[in-house]
Every structure is written in structure tokens, then in C-alpha cells.
Amino acid sequence: MCGFGFGRLELPAFSCLTPAAKPRLAVILNCTRPLLAAICVSFCSCCWMPLATAQSPEAPNRKHQDPSDKFAQLDPWWPTPGDQRIASGAPGPAYWQQRADYEIDVTLDDQTQRIIGSARIDYHNQSPHTLSYVWVQLDQNRFRSDADDALTETAPSLQPRISFSHMKSILARRSFDGGYRIKSVTDAQGKPLPHKIAGTMMRIDLPEPLAPETGTQFVIDYSYNIVNGKTIRARSGYEFFEEDKNHIYEIAQWFPRVASYTDFGGWQNKPFLGRGEFTLELGDYRVRITAPSEMVVTATGTLTNSEEVLTPQWRERLERAKTADKPVFVVTPEEAKANESVRTETTKTWTFDAKNVRDFAFAASRKFIWDAMGTEVGSDTVMAMSFYPNEAEPLWSKYSTEAIAHTLDVYGRYSFEYPYEVAISVNGPVYGMEYPMICFNGPRPEDDGTYSKATKYGLISVVIHEVGHNFFPMIVNSDERQWTWMDEGLNTFLQYLAEQEWEEGYPSRRGDPEKIVAYMRGGNQRPIMTGSEEILQFGNNAYGKPATALNILRETILGRELFDFAFREYARRWKFKRPTPSDFFRTMEDASAIDLDWFWRGWFYGTEHVDIAIDDVELYQIDSGDPDEKAERERQEKDRREPTLSETRNEGLKRRIDWQPGLKDFYNSPEYDELKVEEEDRKSFQKFLDGLTSDERALLRRTTNFYVVDFRNVGGLVMPIVLRVHYADSTSEMMQFPAQIWRHNSKQVGKLIVTDKEIVRLELDPRRQTADTDESNNHWPEKLVPSRFKLFKDEKKKNAMQKAAQDEKQADKENGAEEKKSDDDDKVEPVE
Amino acid sequence: MMVHGFSTASTVCTYLAALLLMHPVHETVCEMEWDPQRGRVEIALRLDRLDEQWIEHRYRTAGADKETEQDWHVPLLEKQFLLDPVSEGDSKKQLSGRPYRWIGRKEDGAHVWWFFETAKQTDEAPKSIQTRLLFDRHSDYTHRIQILNKLPGGAAPKAVVLTEQRPKQALTFPVAP
Ligand SMILES: [Zn+2]
């Protein structure tokens with residue numbers, strides 16, 4: 001409650017608006033709604049002084065009706081800036097990161113579905129620290145039967161029944177002989193190195209501590225069984241085609257990979273539980289992949305021995321594809337079909353080089369069709385290429401490579417030019433998974449080659465998404481095992497922009513504020529800023545909500561120009577480097593000059609939702625103080641007033657003073673006028689006018705309306721107030737009040753709207769841009785918002801009526817007008 | 001220790017395994033309103049269109065002569081999306097709930113809304129819900145039920161979230177004062 005003793009009628013409320021007129025202006029109230037007890041809050045906020053205590057902004061403040069400060073700065077939560085990461089959110093002068101280069105020989109055993117490899121790793125310690133051991137990730141150990149991933153899985157509901165595929169998967173997981181067999185770990189000279197395997201991690205103890213700016217080499221010989229990607233959920237694996245007895249292999253997380261070591265987290269050696277993906281060191285790779293000769297192999301990087309592994313015809317087609325404006329078949333569907341039955345019993349070795357990548361993946365099959373198209377990126381040509389079996393046709397040749405090229409184009413504009421020579425999409429058992437330059441995408445048409453709209457857009461979306469991951473996190477190397485949203489959220493946001501640039505009305509799954517409303521309103525949530533493995537409702541938390549938040553930041557809070565500049569700045573600052581969440585948050589503010597701490601706090605650190613309501617609207621008009629005007633107004637008001645019931649019934653009642661003489665005096669005479677203006681008042685008003693400047697006198701003559709609209713923050717998340725104001729003259733106007741309107745009280749605020757027109761209707765967020773979860777409190781006067789169900793039913797009824805009317809017209813035309821149908825309702829409401 | 005039996009769903013479909021999502025969508029959203037005048041629960045259920053396609057593949061072709069939407073949606077929903085579920089017979093394997101009536105479907109971008117309602121007029125709103133919807137596609141599915149009837153004071157009731165671990169929950173429809 002307000003500490004002052006005034007209500008709405010008094011002057012101080014108005015005095016803030018026009019200080020010059022302060023002493024004498026009065027305000028009359030023409031209130032459209034009953035007063036609320038709390039409405040003076042917004043006007044009194046100036047009397048609340050900041051509390052002079054050292055209390056944390058996070059602790060509830062008991063001396064204010066709004067106990068939390070939603071605009072408190074986040075610096076206490078963020079790491080103190082230093083030379084590695086500076087306060088602007090950019091890498092600092094002492095920024096460092098490690099480096100790991102790999103040379104790997106690998107054999108794909110198609111008989112036993114095994115990988116046999118030897119990886120030589122050059123590890124460069126570019127940190128200022130001395131390291132006595134190196135951690136290596138053994139992701140395949142996730143498929144051991146004693147893996148934490150399996151042991152920490154909670155029970156599914158087995159009653160009343162379990163699906164066949166689910167049971168198959170549970171049993172397959174139990175019987176699969178997965179995990180790395182580490183044959184040897186040696187130094188470059190072949191001398192064994194002590195090592196210890198701990199779950200999905202292996203520690204290699206170095207003979208001598210590794211000093212800053214020095215390097216070490218080690219060699220790991222290993223093998224593992226490839227998981228069946230159709231029965232066990234995985235990020236890679238094989239798919240077996242019963243009909244032609246062929247496999248498609250999508251091979252990833254397939255070699256011992258050095259864990260990342262960073263300034264902000266030391267070794268990233270958290271166990272791999274299957275969900276929090278990974279982050280690794282950037283480096284150069286040379287990989288020699290040995291596979292059956294008739295298989296087509298594709299991988300991260302550039303093929304360096306094409307003359308040894310490709311036919312002259314394929315090489316010629318590939319060359320032609322560089323300048324083609326449509327995808328060109330390098331391996332045609334017919335060739336791929338014919339290849340399915342070839343068994344040469346010989347092998348070929350494909351060599352790939354990749355520079356400055358954080359990982360390496362590959363795919364191989366006899367079944368692969370291969371198409372390619374050169375796409376211009378700056379002054380370079382990138383080869384967009386797709387590999388897929390005939391089962392994926394005709395969908396894949398039409399959309400996959402085009403979607404790759406589209407992604408490079410759109411993402412390039414919002415971040416930086418794609419820096420690699422190839423971008424590849426492969427169809428196989430994995431629905432969608434990304435690696436540098438190569439990604440695996442699942443959607444396929446039906447067996448008869450037809451495909452639904454959902455499958456078509458499912459494919460385009462997943463290709464955009466997975467190719468988009470090249471930018472985040474393959475190049476902007478954020479840590480997925482810790483912060484899923486930093487790549488999935490940012491990538492889903494750009495995916496949305498790319499989809500909307502593909503065609504008008506593209507059915508995007510995420511990005512539109514409307515789409516996130518149900519999640520935001522619901523329970524079972526954790527903030528976006530939650531470790532990957534602890535996230536609840538993964539898709540909404542790490543993909544949908546951050547993508548929507550960024551879209552809202554772009555469209556409603558910063559505007560496209562400021563946002564795009566800041567976002568691009570972040571991408572460019574951290575290209576081939578390792579950002580943390582605070583680097584992103586700080587850069588977005590640094591490059592836009594907008595304090596967004598409230599936004600990160602609400603959207604990224606909290607679980608509240610947006611629900612702003614219009615509580616009340618009141619109208620104030622200027623009272624000039626002219627006693628004649630006042631009397632006239634009061635007279636009119638009196639005349640306008642309807643007589644009470646008793647007054648009506650008492651009409652014609654014989655009153656005592658009418659028949660008893662002597663009771664009447666001056667006050668009963670016609671000369672007496674209650675509202676009469678005294679000369680004294682006129683003189684006093686004139687004197688007041690004389691004391692005013694001409695500006696002040698003009699102000700008094702205004703007929704401006706002063707509306708005070710009270711807003712209530714029901715959901716808790718502070719957001720700008722987006723308001724459409726409808727006037728009596730049938731015009732309307734959009735107004736937007738920045739989120740800072742809530743800075744003194746995040747629960748309720750009043751906003752003064754000054755207009756010469758009459759407001760007849762107010763509408764909050766009419767273009768559904770803030771993810772407001774409850775539309776029913778967004779209107780003044782209150783409006784009954786029918787449920788989606790009722791709207792649909794009405795629509796259907798209407799359509800049925802229209803259809804009936806049409807039929808009727810048609811019938812009339814044909815048969816004359818003698819027969820008439822009726823009862824449209826029956827068409828949608830069968831008799832019960 | 002208690003020993004329970006469980007059965008596998010009768011339909012085997014090789015197509016499903018192909019669509020194990022690594023980047024999960026894995027949710028449905030449901031708006032429910034109890035209309036005391038009509039004595040029915042009105043339901044709008046939002047599915048991803050890929051999920052709808054999957055369901056249709058699996059369940060529409062499962063029986064013979066499943067031609068109309070009413071014909072296959074209603075039996076599916078009555079088996080997998082149950083209001084006030086009760087066990088049928090002694091085996092406790094079969095559950096049944098309130099019968100439904102199909103109203104229609106409407107596409108909404110990458111999603112689709114299914115509209116249906118309880119078929120019989122009753123005096124009391126349902127008190128619980130149990131679902132199995134899409135758990136046979138992936139165990140991670142989340143079904144969020146938002147009751148649209150407002151609490152006294154105008155607030156919306158908290159949404160109910162159903163998962164494979166907690167497929168059954170109480171429903172409380174606020175009664176208008
Ligand atoms: Zn992703």
C-alpha cells in the first residue's frame with residue numbers, strides 16, 4: 001500500500017506530468033472501473049528509496065511488496081573477467097586453448113561390423129599450466145553393459161504393456177558386446193604408457209610432466225563392435241538391409257579423443273551418459289579409412305586420393321558438379337543399385353585431410369548414391385554433397401544437397417562464412433546427428449517412393465539443423481556436455497530463420513513464440529542454464545526455449561539490426577574458440593548497448609513464464625479550474641443522473657412546505673442556485689490566469705484524455721508491454737513499453753497514455769510476439785476468449801453451413817427452389 | 001519382491017526404429033476443458049506431424065476397413081489416452097476409460113491439433129488420466145495437459161505432465177463458483 005493519504009482525485013498524481021501547473025490544476029476523475037486498493041503504487045514509486053544495505057539482490061527483500069529485483073545485474077553470477085575472457089565478452093589478450101592433431105588408420109570390417117584402428121595423437125599444451133596426465137574420451141564405453149549410462153537409467157513403465165521395439169531395444173542393449181578394446185597405449189617410440197580407464201574416460205599418465213608450450217605424442221591401438229543403430233539408440237551405428245544384405249555405416253565417436261582442457265573448467269572429463277554430447281580440441285586430421293573396395297566412403301575433410309578410389313567417370317562428374325547450379329549425380333541411383341550385389345573381397349583405402357576441426361566422422365556403404373553441387377561462399381566454392389541409398393529416393397536427390405547449400409548461405413549471413421571445403425549430409429540409421437563437415441539425417445519416403453508433407457519438411461529441417469551445427473558448436477566450440485543450449489538453442493534459432501527463408505509459411509517446429517507457450521506455462525521444468533544431463537524436457541529446454549528467447553530478443557527487444565550485429569559479433573569473436581555462457585551474454589550486451597541482464601535472468605536462469613494482464617483502465621481529464629465551467633459540468637452531471645426509484649415514486653407527493661405557509665425561505669426560492677458561481681470565484685480564477693504564462697494557459701484549454709492503464713504481471717517473467725490501442729474514430733495504434741517499466745515493481749505497474757482521442761479498446765500482444773501464455777486477460781474491456789476446441793467446432797460448423805448453403809444453391813439451380821434442406825447442426829453433431 | 005507379467009504390443013513395425021530421434025521433439029500438448037452445461041470434456045491435442053504420421057502408420061493400418069478418422073482415432077485414443085481409467089476383466093492388462101467422440105483435425109505448421117470430446121454426457125468431470133501415447137515410439141515422450149477451466153481468482157490450474165515413468169495422474173477441474 002501507498003504511504004500517502006491521497007486517492008486518485010488529488011493533484012500530486014498529476015503534478016508529475018505537468019510540474020508547471022502543479023499548484024492549481026485539479027483533475028477530475030471519470031473512472032471507467034472501480035478503484036483498486038493498490039493502484040497508487042506506480043505513482044508513489046518515487047518515494048521508495050533504495051535500501052542502503054549490503055543485502056544480495058538475490059535475497060528476498062521484505063521491505064517491498066515485490067521481494068525480488070528482476071533487474072539486478074548478473075555480474076555476481078558470472079566469472080570475474082580476466083585476461084583470457086574480458087568483460088566485453090570477447091577472448092582476451094591471454095586467451096589460450098589446447099590443440100590435438102590426429103593421424104588415424106582405421107579398418108571397417110563389414111563381416112563382423114567392427115572398427116579396428118590405430119590413432120596417433122599429437123597433443124599440444126598451449127595452456128600456461130603443466131600437465132602430468134592427459135584425459136582421453138572413450139565414448140564407445142557407453143555401450144558396455146556396466147556403463148553409467150545403462151546403470152543410471154530409471155525404470156520405464158512396463159505395465160500394462162510394453163512395445164515390441166522398446167523391449168527389443170532393452171534386450172539388445174543387454175546382449176550387445178560394446179565398448180572399446182584398448183590393445184595398447186604407447187608413446188611415439190612404441191614404449192607403453194601407463195593408463196587407467198574410468199568409465200567413458202581414460203587417463204594417460206605422462207612419463208614427464210608436460211610443460212606449457214610443449215607437446216607430446218601417443219599412439220592408441222583399439223577396436224570395438226559397431227552398434228546396431230536401428231535397435232539401440234545411438235549417435236552412430238549401422239543399418240542392415242535384409243533384402244540385399246548390405247549395411248550403411250555411420251561412424252562417429254569412433255576413436256579415442258583427447259578431452260578438452262580449458263581455462264574455465266580444467267579437464268572436461270565428465271562421463272558420457274549419451275545425452276550431453278561433447279566438446280573437443282581443434283586440430284588437423286589425416287585419416288586413412290580401409291573398407292571393402294566396392295563401398296563408397298565419405299568423411300569429414302577433403303578426399304586426397306580420389307584417383308585411387310574413384311572411377312574416372314565419378315571424378316569427371318565431381319568436377320562438373322563444382323560449377324553446376326543443380327545437384328549432379330557423382331554415383332547415380334542405377335550405379336548404386338548395381339553396386340549392392342558386388343562383393344570383390346578386396347579393400348581400398350580412402351584418405352581424408354581435415355584442417356582445424358574438433359572431431360572426425362565418416363560413413364560407408366555399397367548402397368550410396370552420391371550427389372554434389374558447388375556452392376559459392378565468399379570467393380570460395382564449397383562442395384555440398386549428399387550420400388543416400390535408393391530407399392531415400394526421390395526425396396533426397398531433390399532436397400538434401402539444396403538444403404545444405406541453403407544453410408551455408410543463411411548461416412553465413414548471420415555468423416561467418418563457412419570455412420571448410422565440403423558440407424555433407426548422409427542418410428542412414430541415425431535420425432539427426434552432427435559432426436564437422438558431415439552429418440547424419442534419417443527421414444526417408446515410404447517404400448513406394450511417395451512421401452508426406454511431414455517427411456519432406458522433416459528432412460529439410462533436419463538437414464538445415466545438422467549442417468547448421470557446423471557453425472555452432474563445431475566452429476564456435478561451446479561445451480555441449482555442460483551447456484546444451486549454447487549449440488542447440490543458437491542453432492535452432494538460426495534453423496528457424498533459415499526455414500523461413502526457404503519458403504513462405506514454412507512449417508517450423510520451433511522459434512515462434514506461440515509454439516513455446518504450453519511448455520512455458522507447464523511444470524516439470526528446469527532453467528535453460530542447467531547441466532545437460534539434469535535437464536528436464538530436453539527438447540523444449542535446450543532447443544525450443546532458447547531459440548524462442550533469441551527470436552523474441554531479435555524481434556521485440558533489440559530489433560533486427562541491433563540483434564543481428566551483436567549475434568554476428570559473438571559468432572565472429574568465438575569462431576574456432578571456446579565461449580562460455582557469460583561470453584555470449586556479455587557480447588550481446590556489449591555489442592547492442594542494451595542491458596539485458598533481466599532477460600537472461602528471466603529466460604535463461606529462471607522458469608517463470610510470460611503472462612501480462614490488463615487489470616484496470618482509468619480516465620483523467622484536465623480541469624482548468626474555471627468556476628463557470630465547473631458549475632456547468634456539475635449541472636450537466638446532475639441533469640444526466642437518473643432519478644432514484646423513491647424519487648420517481650415520490651413524484652407528485654404532496655409536501656408539507658407546499659401547503660403549510662411560512663415554511664419557505666430564501667433557500668426554497670427560485671433565486672437560490674446551489675451551483676451558482678460567485679463573483680469572488682471568478683475574480684480569483686482570473687487572477688490565477690493572469691499569473692500563468694501563455695503556454696500554461698494553452699495547457700489548461702486542452703481536452704486531452706489521460707488514461708492510466710494498470711498492468712499485472714501474472715506469470716512473473718518481466719517482458720516489454722506490447723499494446724494495441726483502439727480509438728473511437730476506428731483507428732488504432734501499437735505501443736511498446738520496454739521491460740524496464742517493471743523495474744521498480746515487477747508485479748504491477750500503471751502506465752499513463754495521453755491522447756486527444758477516446759480509447760475504446762486495448763489489446764495486449766495482439767501479434768503474439770512475447771509468448772504470453774494466457775490470452776484471456778489481454779483485453780480491455782474484458783473479452784471472452786473461446787477455447788481452441790470451441791473455435792474449431794464453430795469453424796467447422798460454419799464451414800458445414802457454408803457447404804450446405806452452397807449445396808443448396810446448387811440444388812436450387814438444378815431442381816428449382818421447391819425442395820429445401822435445413823439443420824446444419826446435424827452435419828457436425830451426430831444425434832447422440 | 002513382486003513379480004509382474006507384461007505383454008508386448010501386438011503390432012510390430014520395423015519402420016519405427018528408423019525414427020529414433022536424437023534431437024527430440026518428444027512431446028504432445030493438450031488443452032482440456034470441462035463444459036458443465038454439456039457434461040463433456042472438450043479436448044484439443046497437439047502432436048508433431050511426424051508423430052501423427054508415425055501413429056497413423058502403426059495404428060491405422062493395424063485393423064481392417066479403417067477408413068474414416070473417427071474409425072481409427074477413437075479406438076486409439078480410447079486405448080492410449082484414458083480419462084478415469086479402470087481395469088477390464090481379471091488380467092488387469094486392459095484398461096478402459098471414458099468413450100470419445102472425434103471432432104476433427106487441423107494442421108498448424110509442423111504440428112497438428114486433434115479435437116475430440118467425451119462421448120457421453122455426465123455430471124462429473126473426470127478425476128484422472130492415464131496415457132500410453134507414443135511411449136512405444138520413444139520412452140522420453142512428455143504429455144502436458146493444461147486444464148482451461150480457471151481457478152477462483154482467474155488463475156489457470158497447474159499443467160499435468162505425463163511421462164512413461166508417471167503415466168497416470170489426477171486431474172482436477174475447477175468448478176465454477
Ligand atoms: Zn542439434
# chains A, B, ... in the order shown; residues from 1 in each chain; ligands from 1
$ select_by_dssp --residues "region 298-540 of chain A" --states "strand (DSSP E)" --output "ChimeraX atom specification"
/A:298-299,302-303,328-331,347-357,362-365,369-377,380-388,422-427,432-435,438-441
$ residues_near_ligand --ligand "ligand 1" --cutoff "8 Å" --atoms "only C-alpha atoms and all ligand atoms" --output "list of chain:residue names"
A:Gly432, A:Met433, A:Glu434, A:His465, A:Glu466, A:His469, A:Asp487, A:Glu488, A:Asn491, A:Thr492, A:Tyr543, B:His23
$ select_by_dssp --residues "region 251-452 of chain A" --states "helix (DSSP H, G or I)" --output "MDAnalysis selection string"
chainID A and resid 306:309 312:321 333:339 390:392 395:414
$ residues_around --residues "Lys79 (chain B)" --least-positions-apart "4" --cutoff "8 Å" --atoms "only C-alpha atoms" --output "MDAnalysis selection string"
chainID B and resid 75 95:97
$ write_last_selection --atoms "N, CA, C and O atoms" --output "PDB file, in the first residue's frame"
ATOM      1  N   PRO B  75     -10.741 -45.464 -31.399  1.00  0.00           N
ATOM      2  CA  PRO B  75     -10.217 -46.650 -30.703  1.00  0.00           C
ATOM      3  C   PRO B  75      -8.809 -46.434 -30.151  1.00  0.00           C
ATOM      4  O   PRO B  75      -8.488 -46.889 -29.062  1.00  0.00           O
ATOM      5  N   LEU B  95      -7.011 -51.667 -20.007  1.00  0.00           N
ATOM      6  CA  LEU B  95      -7.649 -50.573 -19.297  1.00  0.00           C
ATOM      7  C   LEU B  95      -8.686 -49.963 -20.226  1.00  0.00           C
ATOM      8  O   LEU B  95      -8.526 -49.987 -21.441  1.00  0.00           O
ATOM      9  N   SER B  96      -9.715 -49.429 -19.626  1.00  0.00           N
ATOM     10  CA  SER B  96     -10.628 -48.659 -20.460  1.00  0.00           C
ATOM     11  C   SER B  96     -10.993 -47.371 -19.734  1.00  0.00           C
ATOM     12  O   SER B  96     -10.909 -47.290 -18.511  1.00  0.00           O
ATOM     13  N   GLY B  97     -11.368 -46.385 -20.495  1.00  0.00           N
ATOM     14  CA  GLY B  97     -11.708 -45.092 -19.910  1.00  0.00           C
ATOM     15  C   GLY B  97     -12.998 -44.578 -20.495  1.00  0.00           C
ATOM     16  O   GLY B  97     -13.804 -45.356 -21.029  1.00  0.00           O
TER      17      GLY B  97
END
$ residues_around --residues "Lys575 (chain A)" --least-positions-apart "6" --cutoff "12 Å" --atoms "only C-alpha atoms" --output "NGL selection string"
:A and (90-91 or 282 or 356-357 or 415-419 or 470-478 or 568-569)
$ write_last_selection --atoms "N, CA and C atoms" --output "PDB file, in the first residue's frame"
ATOM      1  N   ALA A  90      34.527 -10.872 -25.016  1.00  0.00           N
ATOM      2  CA  ALA A  90      35.436 -11.307 -26.090  1.00  0.00           C
ATOM      3  C   ALA A  90      36.604 -12.092 -25.496  1.00  0.00           C
ATOM      4  N   PRO A  91      37.282 -12.883 -26.336  1.00  0.00           N
ATOM      5  CA  PRO A  91      38.514 -13.513 -25.854  1.00  0.00           C
ATOM      6  C   PRO A  91      39.534 -12.420 -25.519  1.00  0.00           C
ATOM      7  N   LEU A 282      40.349 -28.437 -31.095  1.00  0.00           N
ATOM      8  CA  LEU A 282      40.505 -28.289 -32.545  1.00  0.00           C
ATOM      9  C   LEU A 282      41.870 -28.829 -32.958  1.00  0.00           C
ATOM     10  N   ASN A 356      41.733 -27.944 -38.864  1.00  0.00           N
ATOM     11  CA  ASN A 356      41.048 -27.116 -37.868  1.00  0.00           C
ATOM     12  C   ASN A 356      39.617 -27.605 -37.595  1.00  0.00           C
ATOM     13  N   VAL A 357      39.503 -28.871 -37.258  1.00  0.00           N
ATOM     14  CA  VAL A 357      38.193 -29.422 -36.883  1.00  0.00           C
ATOM     15  C   VAL A 357      38.285 -29.989 -35.462  1.00  0.00           C
ATOM     16  N   SER A 415      26.358 -15.288 -39.258  1.00  0.00           N
ATOM     17  CA  SER A 415      27.529 -15.550 -38.403  1.00  0.00           C
ATOM     18  C   SER A 415      28.823 -15.251 -39.161  1.00  0.00           C
ATOM     19  N   PHE A 416      29.322 -16.217 -39.891  1.00  0.00           N
ATOM     20  CA  PHE A 416      30.562 -16.022 -40.644  1.00  0.00           C
ATOM     21  C   PHE A 416      30.544 -16.984 -41.822  1.00  0.00           C
ATOM     22  N   GLU A 417      31.427 -16.769 -42.768  1.00  0.00           N
ATOM     23  CA  GLU A 417      31.458 -17.641 -43.949  1.00  0.00           C
ATOM     24  C   GLU A 417      31.940 -19.043 -43.566  1.00  0.00           C
ATOM     25  N   TYR A 418      31.265 -20.019 -44.092  1.00  0.00           N
ATOM     26  CA  TYR A 418      31.631 -21.414 -43.828  1.00  0.00           C
ATOM     27  C   TYR A 418      33.068 -21.648 -44.268  1.00  0.00           C
ATOM     28  N   PRO A 419      33.919 -22.122 -43.366  1.00  0.00           N
ATOM     29  CA  PRO A 419      35.352 -22.132 -43.684  1.00  0.00           C
ATOM     30  C   PRO A 419      35.895 -23.433 -44.277  1.00  0.00           C
ATOM     31  N   ASN A 470      27.614 -27.072 -37.888  1.00  0.00           N
ATOM     32  CA  ASN A 470      28.997 -26.750 -38.220  1.00  0.00           C
ATOM     33  C   ASN A 470      29.399 -25.416 -37.597  1.00  0.00           C
ATOM     34  N   PHE A 471      28.423 -24.480 -37.577  1.00  0.00           N
ATOM     35  CA  PHE A 471      28.715 -23.148 -37.047  1.00  0.00           C
ATOM     36  C   PHE A 471      28.728 -23.187 -35.513  1.00  0.00           C
ATOM     37  N   PHE A 472      27.688 -23.809 -34.954  1.00  0.00           N
ATOM     38  CA  PHE A 472      27.571 -23.973 -33.504  1.00  0.00           C
ATOM     39  C   PHE A 472      27.305 -25.451 -33.244  1.00  0.00           C
ATOM     40  N   PRO A 473      28.142 -26.219 -32.676  1.00  0.00           N
ATOM     41  CA  PRO A 473      29.338 -25.887 -31.909  1.00  0.00           C
ATOM     42  C   PRO A 473      30.641 -26.371 -32.547  1.00  0.00           C
ATOM     43  N   MET A 474      30.599 -26.765 -33.838  1.00  0.00           N
ATOM     44  CA  MET A 474      31.830 -27.316 -34.397  1.00  0.00           C
ATOM     45  C   MET A 474      32.901 -26.232 -34.553  1.00  0.00           C
ATOM     46  N   ILE A 475      32.448 -25.017 -34.887  1.00  0.00           N
ATOM     47  CA  ILE A 475      33.428 -23.939 -35.078  1.00  0.00           C
ATOM     48  C   ILE A 475      33.413 -22.981 -33.884  1.00  0.00           C
ATOM     49  N   VAL A 476      32.221 -22.501 -33.505  1.00  0.00           N
ATOM     50  CA  VAL A 476      32.116 -21.783 -32.228  1.00  0.00           C
ATOM     51  C   VAL A 476      32.018 -22.902 -31.191  1.00  0.00           C
ATOM     52  N   ASN A 477      33.160 -23.224 -30.606  1.00  0.00           N
ATOM     53  CA  ASN A 477      33.352 -24.508 -29.914  1.00  0.00           C
ATOM     54  C   ASN A 477      32.855 -24.462 -28.463  1.00  0.00           C
ATOM     55  N   SER A 478      31.533 -24.369 -28.297  1.00  0.00           N
ATOM     56  CA  SER A 478      30.987 -24.358 -26.933  1.00  0.00           C
ATOM     57  C   SER A 478      30.949 -25.784 -26.388  1.00  0.00           C
ATOM     58  N   ARG A 568      26.180 -11.668 -34.679  1.00  0.00           N
ATOM     59  CA  ARG A 568      27.299 -11.910 -35.605  1.00  0.00           C
ATOM     60  C   ARG A 568      28.631 -11.647 -34.891  1.00  0.00           C
ATOM     61  N   GLU A 569      28.623 -10.603 -34.081  1.00  0.00           N
ATOM     62  CA  GLU A 569      29.837 -10.260 -33.333  1.00  0.00           C
ATOM     63  C   GLU A 569      30.244 -11.425 -32.421  1.00  0.00           C
TER      64      GLU A 569
END
$ closest_residue --among "A:Gln500, A:Thr344, A:Thr580, A:Thr556" --to "chain B" --atoms "only C-alpha atoms"
A:Gln500
$ closest_residue --among "A:Ile657, A:Val331, A:Leu700, A:Cys439" --to "Pro312 (chain A)" --atoms "only C-alpha atoms"
A:Val331
$ residues_around --residues "Glu33 (chain B)" --least-positions-apart "2" --cutoff "12 Å" --atoms "only C-alpha atoms" --output "VMD selection string"
(chain A and resid 786 to 790) or (chain B and resid 30 to 31 35 to 45 115 to 118 125 to 126 145 to 150 156 to 157 171 to 175)
$ closest_residue --among "A:Ser397, A:Asn524, A:Ser365, A:Thr407" --to "chain B" --atoms "only C-alpha atoms"
A:Asn524
$ closest_residue --among "B:Arg58, B:Leu47, B:Val160, B:Glu124" --to "chain A" --atoms "only C-alpha atoms"
B:Val160
$ residues_around --residues "region 599-612 of chain A" --least-positions-apart "4" --cutoff "6 Å" --atoms "only C-alpha atoms" --output "PyMOL selection string"
chain A and resi 520-521+527-529+712-717+772-774
$ closest_residue --among "A:Val785, A:Leu653, A:Leu108, A:Ala728" --to "chain B" --atoms "only C-alpha atoms"
A:Val785
$ atom_distance --atom1 "CA of Ala354 (chain A)" --atom2 "CA of Val462 (chain A)"
23.9 Å
$ residues_around --residues "Lys322 (chain A)" --least-positions-apart "5" --cutoff "8 Å" --atoms "only C-alpha atoms" --output "PyMOL selection string"
chain A and resi 372-375+381+383
$ closest_residue --among "A:Ala188, A:Ala299, A:Ile516, A:Val422" --to "chain B" --atoms "only C-alpha atoms"
A:Ile516
